[in-house]
Amino acid sequence: MAYLAVEVSGAGRHPGAWRRAGPVLTPDYHVELAATAARAGVDFLALGDSFAGQEGPTLDAVAIAARVAPVVPEIGLVPTVTVTHTEPFHISKAIATLDLVSSGRAGWEVAVSRTAAEAELFGRKAAAPAADLWREAAEAAEVVVRLWDSWEDDAVIRDAATGRYIDRDKLHYIDFTGEFFSVKGPSITPRSPQAHPLVVVREEPDSLPVIAAWADVVRVAAPDLAAAHAARDRVRAAVAAAGRDPESVAVLLDIETHLGADAARELDALGPLEPSSLRVAGSATALVDVIEEAVRGGAADGVTLVPLVLPGGLHPIADEVAPALVDRELRTTMPPGFTLRERFGLARPANFFTATTISGV
């Protein structure tokens, strides 16, 4: 089965899309996006976020996901959270909370912040080379996962007779000391339904060590299917070298989309935008053909569709693309109640503090 995700952020990836968007600063707008994606049966909705300057205001991706989670069921929610200027303790708490309020549908896309302008927003440290940023990200991911495990599953006992809410013997200090972080723990948030919400990382040369150790899903940007195939091979080699099963990590190809009979003309009217990955501007059938070739040809295990214009760009995905993928036996209808990890065939992991091993350590 091909995995299917959709990325949304603001009015869409195209910087001119705000001219056609609705009221992007309202909760109804974001609930509508998620509901449309859920109607398409996608595995998860990737909620983009960045400290970089963008056209128009940017809302916090985790907060949007938390607003959407209780009212749009049966869809995974994967906000981007940048680690470069954010403490891993706060990331751990935020994503675990999202997993709790979504009943096990949360994920986390790990990102880094590269520019001097972004660093100046915080004023704490200078911009750094990509290799340093991703080395810090690897350490942050380890801290986050250990904090997720710092409560055992049955740590909350709610014993009214003795007045004990928590069994303190089942809370654990993580006592982490590394190059970038020193964190004692434990978390202040209980272990969540998935234990480890899905970890998503984008593929690039310096991110491969993070992918090898921690990624459950990898997003690949590639100009064509040959480049995507090569990226998938790099990911699988890195995961295998780290002692993990490469089949357990799903590789999704980013495809920018703008569907419709006048798609090319509409994009020209919005202004130029160089593709950041493979792009399909045209018919839904053309997009389905590309997805089928990518998956059946081994270039990817699925795709992340990135509409250039929202909310309109989501409707043909739900109304035309998703049903066509089912017709071609590339997708199947998922029964309700699955966690996001289960959608990707991943077991709920053992707790680091009660088992001898943890993924990535």
# chains A, B, ... in the order shown; residues from 1 in each chain; ligands from 1

call {"tool": "residues_around", "arguments": {"residues": "range 258-260 of chain A", "least_positions_apart": "4", "cutoff": "12 Å", "atoms": "only C-alpha atoms", "output": "ChimeraX atom specification"}}
result
/A:12-14,17,264-268,270,275,278-288,305-321

call {"tool": "closest_atom_pairs", "arguments": {"of": "range 293-353 of chain A", "to": "range 218-242 of chain A", "cutoff": "7 Å", "atoms": "only C-alpha atoms", "output": "tab-separated table"}}
result
residue	atom	partner	partner_atom	distance
A:Ala294	CA	A:Leu225	CA	6.3
A:Gly298	CA	A:His229	CA	6.6
A:Ala299	CA	A:His229	CA	3.9
A:Ala300	CA	A:Arg232	CA	6.5

call {"tool": "write_last_selection", "arguments": {"atoms": "all heavy atoms", "output": "tab-separated table (two decimals), in the first residue's frame"}}
result
chain	number	residue	atom	x	y	z
A	294	ALA	N	5.94	6.04	-9.07
A	294	ALA	CA	6.90	6.19	-7.96
A	294	ALA	C	6.85	4.99	-7.02
A	294	ALA	O	7.91	4.46	-6.63
A	294	ALA	CB	6.60	7.48	-7.18
A	298	GLY	N	9.53	1.64	-7.08
A	298	GLY	CA	10.48	1.61	-5.98
A	298	GLY	C	11.17	2.92	-5.68
A	298	GLY	O	12.16	2.95	-4.95
A	299	ALA	N	10.66	4.04	-6.22
A	299	ALA	CA	11.26	5.34	-5.92
A	299	ALA	C	10.83	5.86	-4.56
A	299	ALA	O	11.50	6.71	-3.98
A	299	ALA	CB	10.89	6.35	-7.01
A	300	ALA	N	9.70	5.37	-4.05
A	300	ALA	CA	9.19	5.83	-2.77
A	300	ALA	C	8.17	4.83	-2.24
A	300	ALA	O	7.63	4.01	-3.00
A	300	ALA	CB	8.54	7.21	-2.90

call {"tool": "select_by_dssp", "arguments": {"residues": "range 104-346 of chain A", "states": "alpha helix (DSSP H)", "output": "number ranges by chain"}}
result
A: 116-122, 130-148, 208-214, 225-241, 263-270, 284-296, 315-316, 322-327, 340-343

call {"tool": "residues_around", "arguments": {"residues": "Ser50 in chain A", "least_positions_apart": "2", "cutoff": "12 Å", "atoms": "only C-alpha atoms", "output": "number ranges by chain"}}
result
A: 9-10, 47-48, 52-55, 57-62, 79-86, 109-115, 118

call {"tool": "atom_distance", "arguments": {"atom1": "CA of Ala5 in chain A", "atom2": "CA of Asp301 in chain A"}}
result
11.3 Å

call {"tool": "residues_around", "arguments": {"residues": "Arg343 in chain A", "least_positions_apart": "4", "cutoff": "8 Å", "atoms": "only C-alpha atoms", "output": "list of chain:residue names"}}
result
A:Asp43, A:Phe338, A:Thr339

call {"tool": "atom_distance", "arguments": {"atom1": "CA of Ser182 in chain A", "atom2": "CA of Phe89 in chain A"}}
result
10.4 Å

call {"tool": "closest_residue", "arguments": {"among": "A:Glu256, A:Glu74, A:Glu32, A:Glu87", "to": "Val144 in chain A", "atoms": "only C-alpha atoms"}}
result
A:Glu87

call {"tool": "select_by_dssp", "arguments": {"residues": "range 58-225 of chain A", "states": "strand (DSSP E or B)", "output": "ChimeraX atom specification"}}
result
/A:76-82,106-111,151,156-159,164-166,171,176-177,182-183,198-202,217-220

call {"tool": "write_last_selection", "arguments": {"atoms": "N, CA, C and O atoms", "output": "compact mmCIF listing (two decimals), in the first residue's frame"}}
result
# COMPACT_ATOMS: atom_id res chain seq x y z
N GLY A 76 -3.84 11.39 11.05
CA GLY A 76 -2.64 11.74 11.78
C GLY A 76 -2.32 13.22 11.65
O GLY A 76 -2.63 13.84 10.63
N LEU A 77 -1.69 13.78 12.67
CA LEU A 77 -1.35 15.20 12.69
C LEU A 77 0.13 15.33 13.03
O LEU A 77 0.56 14.95 14.12
N VAL A 78 0.90 15.87 12.09
CA VAL A 78 2.36 15.93 12.24
C VAL A 78 2.83 17.37 12.08
O VAL A 78 3.13 17.82 10.96
N PRO A 79 2.89 18.12 13.16
CA PRO A 79 3.41 19.48 13.07
C PRO A 79 4.92 19.49 12.97
O PRO A 79 5.61 18.62 13.52
N THR A 80 5.45 20.48 12.28
CA THR A 80 6.89 20.74 12.28
C THR A 80 7.25 21.50 13.53
O THR A 80 6.60 22.50 13.86
N VAL A 81 8.26 21.04 14.24
CA VAL A 81 8.80 21.77 15.39
C VAL A 81 10.31 21.88 15.20
O VAL A 81 11.01 20.87 15.13
N THR A 82 10.80 23.09 15.11
CA THR A 82 12.22 23.34 14.91
C THR A 82 12.96 23.19 16.23
O THR A 82 12.55 23.73 17.26
N ALA A 106 -0.57 11.53 16.80
CA ALA A 106 0.40 12.61 16.70
C ALA A 106 1.72 12.14 16.12
O ALA A 106 2.13 10.99 16.25
N GLY A 107 2.40 13.07 15.49
CA GLY A 107 3.76 12.89 15.04
C GLY A 107 4.52 14.19 15.21
O GLY A 107 3.97 15.20 15.66
N TRP A 108 5.79 14.14 14.87
CA TRP A 108 6.66 15.32 14.99
C TRP A 108 7.62 15.33 13.81
O TRP A 108 8.36 14.38 13.61
N GLU A 109 7.58 16.41 13.02
CA GLU A 109 8.59 16.59 11.98
C GLU A 109 9.72 17.44 12.53
O GLU A 109 9.52 18.60 12.91
N VAL A 110 10.90 16.86 12.57
CA VAL A 110 12.08 17.52 13.11
C VAL A 110 12.63 18.48 12.06
O VAL A 110 12.79 18.11 10.90
N ALA A 111 12.92 19.72 12.47
CA ALA A 111 13.47 20.70 11.53
C ALA A 111 14.56 21.50 12.22
O ALA A 111 14.61 21.57 13.46
N TRP A 151 8.05 8.49 32.03
CA TRP A 151 6.92 7.95 32.80
C TRP A 151 6.64 6.53 32.28
O TRP A 151 6.49 6.33 31.08
N VAL A 156 0.56 6.62 36.57
CA VAL A 156 -0.60 7.32 37.16
C VAL A 156 -1.49 6.26 37.80
O VAL A 156 -2.06 5.40 37.11
N ILE A 157 -1.62 6.31 39.14
CA ILE A 157 -2.39 5.29 39.85
C ILE A 157 -3.71 5.82 40.41
O ILE A 157 -4.63 5.06 40.68
N ARG A 158 -3.83 7.12 40.68
CA ARG A 158 -5.08 7.75 41.15
C ARG A 158 -5.68 6.97 42.33
O ARG A 158 -6.84 6.57 42.31
N ASP A 159 -4.86 6.76 43.34
CA ASP A 159 -5.29 6.01 44.52
C ASP A 159 -5.89 6.98 45.54
O ASP A 159 -5.19 7.59 46.35
N ARG A 164 -2.52 9.16 46.73
CA ARG A 164 -1.40 9.10 45.79
C ARG A 164 -1.93 9.12 44.35
O ARG A 164 -2.68 8.24 43.95
N TYR A 165 -1.52 10.13 43.61
CA TYR A 165 -1.91 10.23 42.20
C TYR A 165 -0.91 9.52 41.31
O TYR A 165 -1.27 8.91 40.30
N ILE A 166 0.38 9.58 41.68
CA ILE A 166 1.47 9.03 40.88
C ILE A 166 2.29 8.06 41.71
O ILE A 166 2.55 8.30 42.89
N LEU A 171 8.48 6.97 37.75
CA LEU A 171 8.99 8.15 37.07
C LEU A 171 10.51 8.09 37.11
O LEU A 171 11.09 7.70 38.13
N PHE A 176 20.47 13.18 31.16
CA PHE A 176 21.16 13.28 29.87
C PHE A 176 22.15 14.44 29.89
O PHE A 176 21.80 15.57 30.24
N THR A 177 23.37 14.18 29.48
CA THR A 177 24.38 15.22 29.29
C THR A 177 25.05 14.99 27.96
O THR A 177 25.61 13.92 27.71
N SER A 182 21.81 19.48 28.52
CA SER A 182 21.91 18.76 29.78
C SER A 182 20.53 18.78 30.41
O SER A 182 20.04 19.85 30.81
N VAL A 183 19.89 17.62 30.46
CA VAL A 183 18.49 17.54 30.88
C VAL A 183 18.36 16.43 31.92
O VAL A 183 18.71 15.27 31.66
N LEU A 198 5.04 9.42 16.04
CA LEU A 198 5.80 9.22 14.81
C LEU A 198 6.82 10.34 14.61
O LEU A 198 6.49 11.52 14.73
N VAL A 199 8.06 9.98 14.30
CA VAL A 199 9.13 10.95 14.06
C VAL A 199 9.40 11.02 12.56
O VAL A 199 9.70 10.00 11.93
N VAL A 200 9.27 12.22 12.01
CA VAL A 200 9.44 12.46 10.58
C VAL A 200 10.65 13.36 10.39
O VAL A 200 10.81 14.37 11.10
N VAL A 201 11.51 13.02 9.43
CA VAL A 201 12.71 13.81 9.15
C VAL A 201 12.84 13.96 7.64
O VAL A 201 12.61 13.00 6.90
N ARG A 202 13.24 15.14 7.19
CA ARG A 202 13.50 15.35 5.77
C ARG A 202 14.91 14.88 5.42
O ARG A 202 15.85 15.12 6.18
N VAL A 217 9.52 7.99 9.51
CA VAL A 217 9.14 8.39 8.16
C VAL A 217 10.15 9.42 7.68
O VAL A 217 10.56 10.30 8.45
N VAL A 218 10.54 9.31 6.42
CA VAL A 218 11.49 10.25 5.83
C VAL A 218 10.83 10.92 4.63
O VAL A 218 10.26 10.23 3.76
N ARG A 219 10.88 12.25 4.59
CA ARG A 219 10.38 13.00 3.45
C ARG A 219 11.54 13.35 2.52
O ARG A 219 12.57 13.85 2.96
N VAL A 220 11.35 13.09 1.23
CA VAL A 220 12.37 13.31 0.22
C VAL A 220 11.87 14.36 -0.77
O VAL A 220 10.75 14.26 -1.26

call {"tool": "atom_distance", "arguments": {"atom1": "CA of His172 in chain A", "atom2": "CA of Ser248 in chain A"}}
result
28.2 Å
